[in-house]
Each structure stands twice: as C-alpha cells, then as structure tokens.
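This is start_34.pdb (PDB, C-alpha atoms and all ligand atoms).
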ATOM      1  CA  MET A   1    -174.626  -7.306-150.458
ATOM      2  CA  SER A   2    -176.815  -9.977-148.861
ATOM      3  CA  LEU A   3    -179.760 -11.590-150.634
ATOM      4  CA  GLY A   4    -182.137 -10.002-148.134
ATOM      5  CA  VAL A   5    -180.880  -6.515-148.837
ATOM      6  CA  LYS A   6    -181.287  -7.021-152.572
ATOM      7  CA  SER A   7    -184.847  -8.041-151.930
ATOM      8  CA  TYR A   8    -185.690  -4.859-149.981
ATOM      9  CA  LYS A   9    -184.786  -2.971-153.131
ATOM     10  CA  ALA A  10    -186.890  -5.273-155.296
ATOM     11  CA  VAL A  11    -189.906  -5.157-152.976
ATOM     12  CA  TRP A  12    -189.936  -1.376-152.528
ATOM     13  CA  ASP A  13    -189.167  -0.664-156.185
ATOM     14  CA  ARG A  14    -192.151  -2.798-157.122
ATOM     15  CA  ILE A  15    -194.393  -0.810-154.753
ATOM     16  CA  ALA A  16    -193.118   2.589-155.881
ATOM     17  CA  ALA A  17    -193.397   1.749-159.588
ATOM     18  CA  VAL A  18    -197.046   2.785-159.123
ATOM     19  CA  ARG A  19    -196.904   6.389-157.896
ATOM     20  CA  GLU A  20    -200.176   6.172-155.939
ATOM     21  CA  HIS A  21    -198.855   3.132-154.053
ATOM     22  CA  ALA A  22    -195.717   5.034-153.049
ATOM     23  CA  PHE A  23    -197.913   7.890-151.794
ATOM     24  CA  GLU A  24    -200.303   5.854-149.672
ATOM     25  CA  LEU A  25    -197.712   3.881-147.694
ATOM     26  CA  VAL A  26    -197.642   5.739-144.404
ATOM     27  CA  ASP A  27    -201.111   7.210-144.021
ATOM     28  CA  GLU A  28    -203.025   6.232-147.128
ATOM     29  CA  SER A  29    -202.575   9.593-148.865
ATOM     30  CA  GLN A  30    -204.252   9.141-152.246
ATOM     31  CA  ASP A  31    -202.771  12.049-154.201
ATOM     32  CA  GLU A  32    -200.184  14.854-154.158
ATOM     33  CA  GLU A  33    -202.487  17.168-152.200
ATOM     34  CA  ALA A  34    -203.081  14.651-149.383
ATOM     35  CA  LEU A  35    -199.419  13.612-149.296
ATOM     36  CA  ASP A  36    -198.295  17.231-149.102
ATOM     37  CA  ARG A  37    -200.777  17.947-146.294
ATOM     38  CA  SER A  38    -199.570  14.874-144.375
ATOM     39  CA  GLY A  39    -195.941  15.994-144.680
ATOM     40  CA  ARG A  40    -196.783  19.598-143.757
ATOM     41  CA  GLU A  41    -198.687  18.499-140.635
ATOM     42  CA  ASN A  42    -196.134  15.961-139.411
ATOM     43  CA  ALA A  43    -192.780  17.559-140.274
ATOM     44  CA  PRO A  44    -193.004  20.061-137.355
ATOM     45  CA  PHE A  45    -192.905  17.159-134.878
ATOM     46  CA  ILE A  46    -189.528  16.140-136.305
ATOM     47  CA  VAL A  47    -188.234  19.713-136.599
ATOM     48  CA  ASN A  48    -189.270  20.619-133.035
ATOM     49  CA  GLY A  49    -188.531  17.244-131.436
ATOM     50  CA  LEU A  50    -184.945  17.269-132.736
ATOM     51  CA  SER A  51    -184.525  21.065-132.431
ATOM     52  CA  ILE A  52    -183.562  21.267-136.118
ATOM     53  CA  GLY A  53    -182.138  24.645-137.163
ATOM     54  CA  PRO A  54    -180.470  26.323-140.155
ATOM     55  CA  SER A  55    -176.971  25.219-139.159
ATOM     56  CA  ASP A  56    -177.941  21.531-139.102
ATOM     57  CA  THR A  57    -177.161  18.884-141.694
ATOM     58  CA  VAL A  58    -180.112  16.522-141.389
ATOM     59  CA  LEU A  59    -180.401  12.934-142.642
ATOM     60  CA  GLU A  60    -183.592  10.921-143.186
ATOM     61  CA  VAL A  61    -183.082   7.153-143.494
ATOM     62  CA  GLY A  62    -185.839   5.615-145.642
ATOM     63  CA  CYS A  63    -187.086   8.981-146.940
ATOM     64  CA  GLY A  64    -189.552   7.447-149.399
ATOM     65  CA  VAL A  65    -191.053  10.104-151.686
ATOM     66  CA  ALA A  66    -189.877  12.872-149.272
ATOM     67  CA  ARG A  67    -193.324  13.195-147.670
ATOM     68  CA  LEU A  68    -191.627  14.559-144.527
ATOM     69  CA  GLY A  69    -188.352  15.671-146.083
ATOM     70  CA  ARG A  70    -189.889  18.275-148.349
ATOM     71  CA  HIS A  71    -191.229  20.043-145.247
ATOM     72  CA  VAL A  72    -188.268  19.388-142.941
ATOM     73  CA  ALA A  73    -185.661  20.665-145.445
ATOM     74  CA  PRO A  74    -186.671  24.374-145.266
ATOM     75  CA  SER A  75    -185.807  24.388-141.529
ATOM     76  CA  ALA A  76    -182.395  22.736-142.044
ATOM     77  CA  GLY A  77    -179.087  23.879-143.503
ATOM     78  CA  HIS A  78    -178.794  20.759-145.666
ATOM     79  CA  TRP A  79    -181.288  17.873-145.851
ATOM     80  CA  ILE A  80    -180.146  14.459-147.094
ATOM     81  CA  GLY A  81    -182.575  11.651-147.825
ATOM     82  CA  VAL A  82    -181.481   8.032-148.332
ATOM     83  CA  ASP A  83    -183.732   5.240-149.559
ATOM     84  CA  VAL A  84    -183.139   1.684-150.775
ATOM     85  CA  SER A  85    -185.573   2.127-153.657
ATOM     86  CA  GLY A  86    -184.442   3.926-156.808
ATOM     87  CA  GLU A  87    -188.105   4.411-157.736
ATOM     88  CA  MET A  88    -188.787   6.206-154.421
ATOM     89  CA  VAL A  89    -185.631   8.293-154.885
ATOM     90  CA  ALA A  90    -186.732   9.381-158.376
ATOM     91  CA  ILE A  91    -190.123  10.585-157.085
ATOM     92  CA  ALA A  92    -188.520  12.263-154.049
ATOM     93  CA  ARG A  93    -186.047  14.151-156.290
ATOM     94  CA  GLU A  94    -188.859  15.356-158.502
ATOM     95  CA  ARG A  95    -190.943  16.476-155.499
ATOM     96  CA  CYS A  96    -187.971  18.376-153.998
ATOM     97  CA  SER A  97    -186.696  19.923-157.234
ATOM     98  CA  ALA A  98    -187.551  23.455-156.071
ATOM     99  CA  LEU A  99    -185.384  23.131-152.941
ATOM    100  CA  ASP A 100    -181.679  23.965-153.262
ATOM    101  CA  ASN A 101    -180.497  22.391-149.971
ATOM    102  CA  VAL A 102    -181.580  18.829-150.711
ATOM    103  CA  THR A 103    -179.572  15.718-151.644
ATOM    104  CA  ILE A 104    -181.307  12.385-152.207
ATOM    105  CA  LEU A 105    -179.316   9.150-152.438
ATOM    106  CA  GLU A 106    -180.123   5.560-153.305
ATOM    107  CA  GLY A 107    -178.530   3.273-150.708
ATOM    108  CA  PRO A 108    -177.761  -0.450-150.548
ATOM    109  CA  GLY A 109    -180.337  -1.168-147.807
ATOM    110  CA  ASP A 110    -178.206  -1.637-144.702
ATOM    111  CA  ALA A 111    -175.504   1.021-144.876
ATOM    112  CA  LEU A 112    -174.788   4.678-145.643
ATOM    113  CA  PRO A 113    -171.679   4.335-147.839
ATOM    114  CA  ASP A 114    -171.845   7.838-149.348
ATOM    115  CA  LEU A 115    -171.787   9.606-145.993
ATOM    116  CA  GLU A 116    -168.648  10.459-144.036
ATOM    117  CA  ASP A 117    -168.064   9.840-140.329
ATOM    118  CA  ASP A 118    -169.276  12.659-138.029
ATOM    119  CA  SER A 119    -170.896  14.549-140.921
ATOM    120  CA  ILE A 120    -174.541  14.713-139.739
ATOM    121  CA  ASP A 121    -176.106  16.785-136.917
ATOM    122  CA  LYS A 122    -179.604  15.295-136.759
ATOM    123  CA  CYS A 123    -181.072  12.107-138.194
ATOM    124  CA  TYR A 124    -184.556  10.584-138.238
ATOM    125  CA  CYS A 125    -186.133   7.406-139.529
ATOM    126  CA  HIS A 126    -189.919   7.075-139.398
ATOM    127  CA  ALA A 127    -191.899   3.945-140.321
ATOM    128  CA  VAL A 128    -188.884   2.183-141.853
ATOM    129  CA  PHE A 129    -187.299  -0.141-139.258
ATOM    130  CA  ILE A 130    -190.768  -1.681-138.748
ATOM    131  CA  HIS A 131    -190.375  -3.140-142.239
ATOM    132  CA  MET A 132    -186.971  -4.737-141.627
ATOM    133  CA  ASP A 133    -185.374  -7.748-140.039
ATOM    134  CA  LYS A 134    -183.586  -6.913-136.788
ATOM    135  CA  GLU A 135    -180.164  -7.527-138.278
ATOM    136  CA  ASP A 136    -180.782  -4.739-140.767
ATOM    137  CA  TRP A 137    -182.132  -2.110-138.414
ATOM    138  CA  PHE A 138    -179.254  -2.811-136.059
ATOM    139  CA  ALA A 139    -176.851  -2.362-138.999
ATOM    140  CA  TYR A 140    -178.480   1.027-139.623
ATOM    141  CA  LEU A 141    -178.175   1.990-135.947
ATOM    142  CA  ARG A 142    -174.438   1.417-136.223
ATOM    143  CA  GLU A 143    -174.232   3.352-139.479
ATOM    144  CA  VAL A 144    -176.168   6.301-138.075
ATOM    145  CA  ARG A 145    -173.886   6.207-135.017
ATOM    146  CA  ARG A 146    -170.919   6.413-137.420
ATOM    147  CA  VAL A 147    -172.167   9.377-139.456
ATOM    148  CA  LEU A 148    -173.609  11.432-136.566
ATOM    149  CA  ARG A 149    -171.262  13.890-134.920
ATOM    150  CA  PRO A 150    -170.751  13.769-131.114
ATOM    151  CA  GLY A 151    -173.847  15.239-129.462
ATOM    152  CA  GLY A 152    -175.905  14.557-132.612
ATOM    153  CA  LEU A 153    -179.514  13.371-132.224
ATOM    154  CA  PHE A 154    -181.319  10.445-133.841
ATOM    155  CA  TYR A 155    -185.083   9.787-133.779
ATOM    156  CA  PHE A 156    -186.518   6.422-134.857
ATOM    157  CA  ASP A 157    -189.604   4.353-134.209
ATOM    158  CA  VAL A 158    -190.670   0.686-134.174
ATOM    159  CA  TRP A 159    -193.954  -1.073-133.306
ATOM    160  CA  ASN A 160    -194.361  -1.743-129.575
ATOM    161  CA  LEU A 161    -195.554  -5.298-128.914
ATOM    162  CA  ALA A 162    -195.731  -4.524-125.177
ATOM    163  CA  HIS A 163    -198.568  -2.007-125.769
ATOM    164  CA  ASP A 164    -202.124  -3.308-126.265
ATOM    165  CA  LEU A 165    -202.506  -1.544-129.611
ATOM    166  CA  GLY A 166    -199.096  -2.755-130.749
ATOM    167  CA  TRP A 167    -200.296  -6.271-129.940
ATOM    168  CA  LEU A 168    -203.520  -5.595-131.859
ATOM    169  CA  ARG A 169    -201.488  -4.473-134.880
ATOM    170  CA  TRP A 170    -199.479  -7.699-134.602
ATOM    171  CA  GLN A 171    -202.723  -9.664-134.462
ATOM    172  CA  MET A 172    -203.552  -8.015-137.815
ATOM    173  CA  GLU A 173    -200.208  -9.079-139.206
ATOM    174  CA  ARG A 174    -200.816 -12.663-138.041
ATOM    175  CA  ALA A 175    -204.272 -12.568-139.621
ATOM    176  CA  LEU A 176    -202.627 -11.493-142.877
ATOM    177  CA  TYR A 177    -199.618 -13.804-142.974
ATOM    178  CA  GLY A 178    -199.769 -16.120-139.949
ATOM    179  CA  SER A 179    -200.136 -19.414-141.767
ATOM    180  CA  LYS A 180    -197.857 -18.568-144.669
ATOM    181  CA  THR A 181    -194.248 -19.627-144.990
ATOM    182  CA  ASP A 182    -193.518 -16.958-147.612
ATOM    183  CA  ARG A 183    -194.180 -13.877-145.484
ATOM    184  CA  PRO A 184    -193.065 -10.779-147.383
ATOM    185  CA  LEU A 185    -189.720  -9.317-146.376
ATOM    186  CA  HIS A 186    -191.262  -5.859-145.875
ATOM    187  CA  ARG A 187    -194.096  -7.045-143.589
ATOM    188  CA  ASN A 188    -194.550  -5.184-140.311
ATOM    189  CA  GLN A 189    -192.271  -6.395-137.519
ATOM    190  CA  PHE A 190    -192.467  -5.714-133.802
ATOM    191  CA  SER A 191    -190.247  -5.005-130.820
ATOM    192  CA  VAL A 192    -190.386  -4.388-127.059
ATOM    193  CA  PRO A 193    -188.803  -1.601-124.978
ATOM    194  CA  GLU A 194    -186.047  -3.751-123.449
ATOM    195  CA  GLU A 195    -184.918  -4.921-126.872
ATOM    196  CA  LEU A 196    -184.808  -1.387-128.231
ATOM    197  CA  LYS A 197    -182.817  -0.196-125.231
ATOM    198  CA  LEU A 198    -180.322  -3.007-125.740
ATOM    199  CA  MET A 199    -179.923  -2.312-129.460
ATOM    200  CA  VAL A 200    -179.422   1.405-128.852
ATOM    201  CA  ALA A 201    -176.776   0.788-126.185
ATOM    202  CA  ARG A 202    -174.975  -1.876-128.254
ATOM    203  CA  ALA A 203    -174.832   0.519-131.193
ATOM    204  CA  GLY A 204    -173.050   3.040-128.960
ATOM    205  CA  PHE A 205    -175.840   5.566-128.378
ATOM    206  CA  GLU A 206    -177.162   7.185-125.239
ATOM    207  CA  LEU A 207    -180.967   6.839-125.031
ATOM    208  CA  ARG A 208    -182.299  10.319-124.292
ATOM    209  CA  HIS A 209    -186.053   9.817-124.668
ATOM    210  CA  LEU A 210    -188.393   6.863-125.119
ATOM    211  CA  ALA A 211    -192.151   7.222-125.637
ATOM    212  CA  GLU A 212    -194.002   3.953-125.218
ATOM    213  CA  THR A 213    -197.343   4.031-127.030
ATOM    214  CA  PHE A 214    -198.274   1.576-129.828
ATOM    215  CA  TYR A 215    -195.034   2.874-131.299
ATOM    216  CA  LEU A 216    -191.731   2.958-129.454
ATOM    217  CA  GLN A 217    -190.359   6.384-130.292
ATOM    218  CA  ALA A 218    -186.732   6.823-129.362
ATOM    219  CA  VAL A 219    -184.361   9.739-129.448
ATOM    220  CA  CYS A 220    -180.720   8.844-128.908
ATOM    221  CA  SER A 221    -177.592  10.899-128.945
ATOM    222  CA  VAL A 222    -173.966  10.222-129.667
ATOM    223  CA  PRO A 223    -171.945  10.583-126.462
ATOM    224  CA  ASP A 224    -169.848  13.727-126.518
ATOM    225  CA  PRO A 225    -166.686  13.312-124.416
ATOM    226  CA  GLU A 226    -165.807  16.973-124.866
ATOM    227  CA  GLN A 227    -169.284  18.062-123.763
ATOM    228  CA  ARG A 228    -169.653  20.526-126.633
ATOM    229  CA  VAL A 229    -173.390  20.446-125.970
ATOM    230  CA  GLY A 230    -173.869  22.452-122.770
ATOM    231  CA  THR A 231    -176.282  21.633-119.951
ATOM    232  CA  SER A 232    -178.838  24.258-120.977
ATOM    233  CA  GLN A 233    -178.898  23.010-124.575
ATOM    234  CA  ARG A 234    -179.351  19.431-123.364
ATOM    235  CA  GLU A 235    -182.243  20.512-121.144
ATOM    236  CA  ALA A 236    -183.881  22.359-124.049
ATOM    237  CA  GLU A 237    -183.436  19.307-126.312
ATOM    238  CA  ASP A 238    -184.859  16.956-123.664
ATOM    239  CA  ALA A 239    -187.918  19.197-123.229
ATOM    240  CA  ALA A 240    -188.478  19.404-127.013
ATOM    241  CA  MET A 241    -188.416  15.622-127.506
ATOM    242  CA  GLY A 242    -191.794  15.228-125.789
ATOM    243  CA  VAL A 243    -193.678  16.535-128.856
ATOM    244  CA  LEU A 244    -192.814  13.378-130.779
ATOM    245  CA  ARG A 245    -195.140  11.232-128.670
ATOM    246  CA  TYR A 246    -198.443   9.918-130.048
ATOM    247  CA  THR A 247    -201.507  11.072-128.115
ATOM    248  CA  GLU A 248    -204.466   9.226-126.599
ATOM    249  CA  GLY A 249    -206.555  10.538-129.511
ATOM    250  CA  ASP A 250    -204.167   8.761-131.903
ATOM    251  CA  ASP A 251    -204.613   5.612-129.786
ATOM    252  CA  ARG A 252    -208.408   5.707-130.064
ATOM    253  CA  PHE A 253    -208.356   6.363-133.810
ATOM    254  CA  PHE A 254    -205.833   3.604-134.415
ATOM    255  CA  ALA A 255    -207.788   1.143-132.243
ATOM    256  CA  SER A 256    -210.973   1.766-134.203
ATOM    257  CA  VAL A 257    -209.203   1.283-137.558
ATOM    258  CA  LEU A 258    -207.608  -1.972-136.389
ATOM    259  CA  ALA A 259    -210.807  -3.328-134.843
ATOM    260  CA  LYS A 260    -212.650  -2.746-138.145
ATOM    261  CA  ARG A 261    -209.947  -4.433-140.178
ATOM    262  CA  LEU A 262    -209.796  -7.428-137.819
ATOM    263  CA  ALA A 263    -213.574  -7.773-138.105
ATOM    264  CA  GLU A 264    -213.081  -8.129-141.880
ATOM    265  CA  TYR A 265    -210.952 -11.191-141.062
ATOM    266  CA  GLY A 266    -213.675 -12.459-138.711
ATOM    267  CA  GLN A 267    -211.485 -11.848-135.641
ATOM    268  CA  GLU A 268    -212.229 -10.350-132.231
ATOM    269  CA  PRO A 269    -209.519  -8.106-130.712
ATOM    270  CA  GLU A 270    -207.236 -10.076-128.368
ATOM    271  CA  VAL A 271    -206.820  -6.984-126.156
ATOM    272  CA  GLN A 272    -209.167  -4.520-124.515
ATOM    273  CA  LEU A 273    -209.731  -1.435-126.691
ATOM    274  CA  PRO A 274    -209.526   2.134-125.316
ATOM    275  CA  PRO A 275    -212.821   3.049-123.513
ATOM    276  CA  SER A 276    -214.599   5.038-126.227
ATOM    277  CA  GLU A 277    -214.137   2.257-128.792
ATOM    278  CA  ARG A 278    -215.550  -0.637-126.759
TER     279      ARG A 278
HETATM  280  C1  LIG B 301    -193.483   3.265-145.043
HETATM  281  S1  LIG B 301    -192.307   4.087-146.061
HETATM  282  C2  LIG B 301    -191.884   5.513-145.073
HETATM  283  C3  LIG B 301    -191.317   6.657-145.883
HETATM  284  C4  LIG B 301    -190.986   7.926-145.102
HETATM  285  N1  LIG B 301    -190.096   7.671-143.989
HETATM  286  C5  LIG B 301    -192.245   8.637-144.607
HETATM  287  O1  LIG B 301    -192.475   8.696-143.389
HETATM  288  O2  LIG B 301    -192.999   9.125-145.455
HETATM  289  C6  LIG B 301    -190.880   3.052-145.893
HETATM  290  C7  LIG B 301    -189.710   3.530-146.728
HETATM  291  O3  LIG B 301    -188.547   2.851-146.275
HETATM  292  C8  LIG B 301    -187.782   2.458-147.395
HETATM  293  N2  LIG B 301    -186.971   1.311-147.004
HETATM  294  C9  LIG B 301    -187.408   0.048-146.762
HETATM  295  N3  LIG B 301    -186.383  -0.762-146.465
HETATM  296  C10 LIG B 301    -185.265   0.021-146.512
HETATM  297  C11 LIG B 301    -183.883  -0.232-146.307
HETATM  298  N4  LIG B 301    -183.439  -1.450-146.013
HETATM  299  N5  LIG B 301    -183.027   0.809-146.434
HETATM  300  C12 LIG B 301    -183.475   2.053-146.751
HETATM  301  N6  LIG B 301    -184.763   2.335-146.987
HETATM  302  C13 LIG B 301    -185.651   1.340-146.854
HETATM  303  C14 LIG B 301    -188.826   2.149-148.460
HETATM  304  O4  LIG B 301    -188.290   2.161-149.763
HETATM  305  C15 LIG B 301    -189.849   3.237-148.212
HETATM  306  O5  LIG B 301    -189.537   4.386-148.934
END

As structure tokens:
Amino acid sequence: MSLGVKSYKAVWDRIAAVREHAFELVDESQDEEALDRSGRENAPFIVNGLSIGPSDTVLEVGCGVARLGRHVAPSAGHWIGVDVSGEMVAIARERCSALDNVTILEGPGDALPDLEDDSIDKCYCHAVFIHMDKEDWFAYLREVRRVLRPGGLFYFDVWNLAHDLGWLRWQMERALYGSKTDRPLHRNQFSVPEELKLMVARAGFELRHLAETFYLQAVCSVPDPEQRVGTSQREAEDAAMGVLRYTEGDDRFFASVLAKRLAEYGQEPEVQLPPSER
C-alpha cells in the first residue's frame, strides 16, 4: 500500500468520525432526514441511467454513508458498497441494516481486492474521483474494468475544467489552497474531456455516453466480444443514459453558490456567469 493510499483512509476517517460531517459531504445534508431525502431524490438517476434491475449485482465505489446506496439497493439484486474509510463503512452498514441484499466493504483505497473478475453487472462512482490523484482514479478504472462482466456498465464523474463553471469551481479551490504547499490529499481535482476519454480507453472501456457540464459524467461499458447485449438493449441503455446529465437549472444554482463563496474571498469570477446570475 502506498503512503498516499494510507492517507486517504486517514483523511476520510477523520471526517467521518463526526457523523454530521460525513452526512454533509456531497450536498450539505445536515441530518438523517435531509440525507435520506437527497439519496431518495438522486438514486433514480443512477437506477434509470444504468438501467438497473433485480437481476443486477451493483457496485458503488466510494459509497460513503450509503446516501445513494440505500435507495439504489431496492432496485438491484445485490448492492455492494466499497469505501476506503472504516468510519464511513460503519455508518453505511448501520443505515442499511434493514436491507437484506446489501454488502459493504472497507477497501484499501485503490483496488477492489474482495471482488472477483466479471462478477458485477453495473457500477457507479459519484463525487469520489474528484477527491483523488489521477494515478488512483486510473487504478480504480482498471479495477472496475476487471470486476465488471462483458457488457457491464460503469458511471463516474469528475469536475470539468473545460466548462466555465468547472473553471469557477477550480478558482474556488485555488482561493482555498493556491498558495499552500500542504494542499490536502482529498481536495477537489479537475479534468478535461480529452483526458477522461484517454483514461477510459487505456483502462479498456468503451465510452458510451459523456455529458459535459461543470461535471464530466461518463458511462462506459466493457466490450463484449460475444455480443450478449443485443442491439435493442444497447439502444435502450444509450437512451436511458441521458437522464444522468445536470440541467441548466443546476448550472444557475451552482454558479450563484460559487459566486457568493468567491465574494467571501474577495474575488470576482474569472468566467462569465449564466445570464440570470449576472
Ligand atoms: C464526497 S463523498 C461521496 C459519497 C457517495 N458517493 C455519495 O454520493 O454520497 C466521497 C467518498 O469517497 C470515499 N473515498 C475517498 N477516497 C477514496 C478511495 N481512494 N477509495 C475509496 N473510497 C474513497 C470517501 O471516504 C467518501 O465516503
């Protein structure tokens, strides 16, 4: 295990040692009620976008406290969550204790050692690779490629530096840590479409769908030489993937939040904001 990987565990365990901090990570949910609502509202995008059904074994990489998982699992045959933080895993297990098709594992931070080759039908990873060095998210791409069966689908997202709001979010990150040499390992990191496409191809996936808003939202599949997935199923999957995309309303909301936070740092946005927020 590398030093960096050990540190992911340390960093995220420290955050999750305070339950409220573990809850508020993705969308600032303050309590169980808000967290549950957030999961309930967002899980359908994953379920529909990946066409998850009762015969599917589904994996979430970086499941956190099972915000999404608790609401994805009822649509799946078996739901497996993996997280680097034992503290997150403990909360996720407690939150999913009423579900009998759930397995939650603590992983080393760059691999999926407890999962067999070709054992997973669908996988997703939301708001996790943004907190990692490239070497580590590429290692995960290869691991997910290993455990997904031929024809299996994988959704993941990373910040998009090539989008104005992605740039604005990066400006925030520079305002926070720009002059420091000890930037935290879990700080937000950023990518561009060409890089993502390269990583996906080098990991052995076929890129099936890429939405390019402030987030790059990718769905890839494992090539299936025997073409077990027929043309009509592929067409249905391709059509379903569109629901994963963030909307213009999300853009405007996000822009206003970022502009306010940058103002607290005494900074003007370096990009033009969407019309209604100017
Ligand atoms: C922002 S939270 C997102 C949680 C969850 N995906 C969600 O949408 O609610 C990031 C999660 O990724 C996990 N994580 C960070 N680095 C990781 C790594 N190297 N391997 C596995 N999980 C990691 C953290 O412990 C944390 O639970």

Pairwise distance for atom N3 of ligand LIG 301 (chain B) and CA of Val11 in chain A, rounded to one decimal in Å: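 Calculated distance between atom N3 of ligand LIG 301 (chain B) and CA of Val11 in chain A is 8.6 Å.
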
Selection near Gly109 in chain A, 12 Å with all atoms listed in the file, sequence-local residues under 3 positions removed, as a ChimeraX atom specification: /A:1-12,61-62,82-86,105-106,112-113,128-129,131-133,135-140,143

The PyMOL selection byres (((chain A and resi 17) around 12) and not hetatm) resolved against shown file, as a list of chain:residue names: A:Lys9, A:Ala10, A:Val11, A:Trp12, A:Asp13, A:Arg14, A:Ile15, A:Ala16, A:Val18, A:Arg19, A:Glu20, A:His21, A:Ala22, A:Phe23, A:Val65, A:Ser85, A:Gly86, A:Glu87, A:Met88, A:Val89, A:Ala90, A:Ile91

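CA of Ser97 in chain A is positioned 20.4 Å from atom N6 of ligand LIG 301 (chain B).
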
Residues returned when the PyMOL selection byres (((chain A and resi 183-193) around 9) and not hetatm) runs on this file, as a PyMOL selection string: chain A and resi 4+7-8+11-12+129-134+158-163+166-167+169-170+173+177-182+194-198+210+212+216

Could you list, with a cut-off of 6 Å and counting all atoms listed in the file, the residues of range 148-259 of chain A near range 117-123 of chain A, each shown with its nearest atom pair and the distance in Å rounded to one decimal, rows sorted by chain and ascending number, as CSV?
residue,atom,partner,partner_atom,distance
A:Leu148,CA,A:Ile120,CA,4.7
A:Arg149,CA,A:Asp118,CA,3.9
A:Gly152,CA,A:Asp121,CA,4.9
A:Leu153,CA,A:Lys122,CA,4.9
A:Phe154,CA,A:Cys123,CA,4.7

Gap from CA of His78 in chain A to CA of Val58 in chain A - Å, one decimal: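 About the pair CA of His78 in chain A and CA of Val58 in chain A: they are 6.2 Å apart.
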
Shell of 7 Å around Ala203 in chain A, all atoms listed in the file, local chain residues under 5 positions omitted, as a PyMOL selection string: chain A and resi 141-142+145

Selection under test: the PyMOL selection byres (((chain A and resi 260-270) around 8) and not hetatm); residues as a PyMOL selection string: chain A and resi 168+171-172+175+256-259+271-273
